[in-house]
Structure formats: C-alpha cells, structure tokens
Amino acid sequence: LSSGAVKGIGQATAIRIVEKFGDETLTVMEKTPARLAEIQGISPAKAAKIAEEYAKQFGLREVMLAFAEFGLTPGESFRCWKRWGAATIERVRANPYILCGTGLRIPFERADAISRGILGRQDDDRARIEAGVLYVLRHNLGNGHTCLPAYRLAETTAGLLGLTAAGVEAVVEGMTAVFAVREESFGERRFVFLNHIHRAETAIAARVLGMLRE
C-alpha cells in the first residue's frame, strides 16, 4: 500500500489501514471499501476515491504476491506492473532477464539468481547470455568505454557467466544480426556498442564533421 500504487494512500495512511484491518486489508479494500472510513483521517468520500483507484490496479496484487517469492520489493513489483500490466508475471517467467532492463533498476545479479535459483533455468540459456552481454556493455560505460572489442566482450561475459567465450561469441553474432547491439569494424578489429551509444557516437561524429566543414 505504501508503494505509491494507489493514489491517496501514502506511508502513514497505509500503516493506519493495516493496523486496523491486518491480513484482511486488501479484501476490505476490494469488497467493503466503505469500511476505510472507520479510520481516522479517511472520510467516506476519500474511502470511495481510494476504492476507485484500487480497482484500477487490477492484477497488481497478484504481481506483488508472485514477485514476493522472487525477493522483489513492492516498489520493484509496481515498476514492473506499470511497464507490462496484466502480462507482467507471464513475461517475467518467460524471460526473467527483462527485469534488468532500462528503468526497472533491478541488477543483473538478482535477475540471474531468480532465473537459475527459483525458475531453474540452465546456465547456457540464450536469454541469460544476451542479458550478460548487455550487462557487461552497460557496466563498462561507467569506466568510460562506449564500446568493447568483440573478443574482449565475449571473454568478459564468459567469465561472468561461467561459460566458454566461443559460445558467447555465437550469441553476440546473433544479437548483431537482429540489431540488439551494433557492431563496427575499425581496421581489422570488431567493436560492439549498445544501440543508443552507437547512435550517440554517430551523431556526435556527424556534428563535429559539420562544424569542421563550416
């Protein structure tokens, strides 16, 4: 209730509601929301508004309950639900590594633990390797590297995942074929970029060239 999912309920109000209704809180909100007016500070009109907002969050409760088993916080579960709605549980079970995508702020290590430990996926699962490749590229942005040599990317990802570099290289080639990442060759060396960084590098180069021509 304190995750921000239901408008009109902040942390203090959430505490009062749960202190009043305990384990029956969500049942009360769903079936007899007028009882919320029994709590100090909640008028009948506000109780009706809270009930209306709660009804809009169809499926959120199921997502939070399911993801609690994964060790995700209510706030993290709420961000996932806002991204995928009613399809959240199905999509995460199909590929738990989408959890470490942009905006969700869930580390690769936690998604990996869910995939391997809870869902029982194999170490060489293709989705795991692809997520590992993206994780290594993102991590190296913090070290000032906008791209990595293809061989170094494969070696580093393989070391992270406990796999062979050859197996990772094959997955990277597949990712470049569908533009999940971008590849450029400079001289005889192949480099791999995240898509948005490749676009940024290309745009910067074009602008600098334009300035030089002027």
# chains A, B, ... in the order shown; residues from 1 in each chain; ligands from 1
>>> residues_around(residues="stretch 44-61 of chain A", least_positions_apart="3", cutoff="10 Å", atoms="only C-alpha atoms", output="MDAnalysis selection string")
chainID A and resid 1 5:9 26 28:39 41 64:67 74 77:78 80:82 85:89
>>> closest_residue(among="A:Glu214, A:Glu76, A:Glu155, A:Glu201", to="A:Leu104", atoms="only C-alpha atoms")
A:Glu76
>>> residues_around(residues="A:Pro149", least_positions_apart="5", cutoff="9 Å", atoms="only C-alpha atoms", output="tab-separated table (two decimals) with all heavy atoms, in the first residue's frame")
chain	number	residue	atom	x	y	z
A	154	ALA	N	33.30	-10.97	-25.43
A	154	ALA	CA	32.99	-12.40	-25.30
A	154	ALA	C	33.73	-13.00	-24.11
A	154	ALA	O	33.15	-13.76	-23.32
A	154	ALA	CB	33.35	-13.13	-26.58
A	189	ARG	N	39.80	-4.72	-36.42
A	189	ARG	CA	39.20	-5.05	-35.13
A	189	ARG	C	37.71	-4.75	-35.12
A	189	ARG	O	37.26	-3.72	-35.63
A	189	ARG	CB	39.89	-4.27	-33.99
A	189	ARG	CG	41.38	-4.55	-33.89
A	189	ARG	CD	41.98	-3.77	-32.73
A	189	ARG	NE	41.56	-4.32	-31.44
A	189	ARG	CZ	41.83	-3.73	-30.27
A	189	ARG	NH1	42.47	-2.58	-30.25
A	189	ARG	NH2	41.43	-4.28	-29.14
A	190	ARG	N	36.94	-5.67	-34.55
A	190	ARG	CA	35.50	-5.53	-34.44
A	190	ARG	C	35.15	-5.03	-33.04
A	190	ARG	O	35.65	-5.54	-32.04
A	190	ARG	CB	34.80	-6.87	-34.70
A	190	ARG	CG	34.97	-7.39	-36.12
A	190	ARG	CD	34.59	-8.85	-36.23
A	190	ARG	NE	33.31	-9.15	-35.61
A	190	ARG	CZ	33.15	-10.06	-34.65
A	190	ARG	NH1	34.19	-10.78	-34.22
A	190	ARG	NH2	31.96	-10.30	-34.14
A	191	PHE	N	34.27	-4.03	-33.00
A	191	PHE	CA	33.83	-3.46	-31.73
A	191	PHE	C	32.31	-3.56	-31.63
A	191	PHE	O	31.62	-3.45	-32.63
A	191	PHE	CB	34.26	-2.00	-31.61
A	191	PHE	CG	35.75	-1.82	-31.45
A	191	PHE	CD1	36.59	-1.87	-32.55
A	191	PHE	CD2	36.30	-1.60	-30.19
A	191	PHE	CE1	37.96	-1.70	-32.40
A	191	PHE	CE2	37.67	-1.43	-30.04
A	191	PHE	CZ	38.50	-1.48	-31.14
A	192	VAL	N	31.82	-3.73	-30.40
A	192	VAL	CA	30.38	-3.88	-30.18
A	192	VAL	C	29.89	-2.74	-29.28
A	192	VAL	O	30.51	-2.42	-28.27
A	192	VAL	CB	30.05	-5.24	-29.53
A	192	VAL	CG1	28.54	-5.37	-29.30
A	192	VAL	CG2	30.56	-6.38	-30.41
>>> select_by_dssp(residues="stretch 130-168 of chain A", states="helix (DSSP H, G or I)", output="ChimeraX atom specification")
/A:130-141,150-161,165-168
>>> residues_around(residues="A:Leu160", least_positions_apart="3", cutoff="9 Å", atoms="only C-alpha atoms", output="count of residues only")
6
>>> closest_residue(among="A:Leu212, A:Ala131, A:Ala170, A:Ala94", to="A:Leu119", atoms="only C-alpha atoms")
A:Ala94
>>> atom_distance(atom1="atom CA of A:Asp112", atom2="atom CA of A:Tyr97")
7.0 Å
>>> residues_around(residues="A:Gly101", least_positions_apart="3", cutoff="12 Å", atoms="only C-alpha atoms", output="list of chain:residue names")
A:Arg79, A:Cys80, A:Arg83, A:Val92, A:Asn95, A:Pro96, A:Tyr97, A:Ile98, A:Leu104, A:Arg105, A:Ile106, A:Pro107, A:Phe108, A:Ala111, A:Glu130, A:Ala131, A:Gly132, A:Leu134, A:Tyr135, A:Arg138
>>> select_by_dssp(residues="stretch 75-199 of chain A", states="strand (DSSP E)", output="list in words")
Cys147, Leu148, Pro149, Arg182, Glu183, Glu184, Ser185, Phe186, Arg189, Arg190, Phe191, Val192 and Phe193 of chain A
>>> write_last_selection(atoms="N, CA and C atoms", output="compact mmCIF listing (two decimals), in the first residue's frame")
# COMPACT_ATOMS: atom_id res chain seq x y z
N CYS A 147 32.31 1.34 -26.19
CA CYS A 147 32.21 0.06 -26.90
C CYS A 147 33.31 -0.84 -26.38
N LEU A 148 33.27 -2.10 -26.78
CA LEU A 148 34.31 -3.05 -26.40
C LEU A 148 34.70 -3.88 -27.62
N PRO A 149 35.98 -4.25 -27.72
CA PRO A 149 36.36 -5.19 -28.77
C PRO A 149 35.53 -6.47 -28.64
N ARG A 182 25.03 -3.11 -31.77
CA ARG A 182 25.61 -2.68 -33.04
C ARG A 182 27.09 -3.00 -33.09
N GLU A 183 27.55 -3.37 -34.28
CA GLU A 183 28.96 -3.71 -34.47
C GLU A 183 29.58 -2.79 -35.51
N GLU A 184 30.81 -2.36 -35.24
CA GLU A 184 31.59 -1.57 -36.19
C GLU A 184 33.00 -2.14 -36.25
N SER A 185 33.59 -2.09 -37.42
CA SER A 185 34.98 -2.53 -37.58
C SER A 185 35.87 -1.32 -37.82
N PHE A 186 36.95 -1.25 -37.06
CA PHE A 186 37.95 -0.20 -37.21
C PHE A 186 39.28 -0.90 -37.51
N ARG A 189 39.80 -4.72 -36.42
CA ARG A 189 39.20 -5.05 -35.13
C ARG A 189 37.71 -4.75 -35.12
N ARG A 190 36.94 -5.67 -34.55
CA ARG A 190 35.50 -5.53 -34.44
C ARG A 190 35.15 -5.03 -33.04
N PHE A 191 34.27 -4.03 -33.00
CA PHE A 191 33.83 -3.46 -31.73
C PHE A 191 32.31 -3.56 -31.63
N VAL A 192 31.82 -3.73 -30.40
CA VAL A 192 30.38 -3.88 -30.18
C VAL A 192 29.89 -2.74 -29.28
N PHE A 193 28.76 -2.12 -29.67
CA PHE A 193 28.18 -0.99 -28.97
C PHE A 193 26.76 -1.34 -28.50
>>> closest_residue(among="A:Phe179, A:Trp84, A:Phe21, A:Phe70", to="A:Ser115", atoms="only C-alpha atoms")
A:Phe70
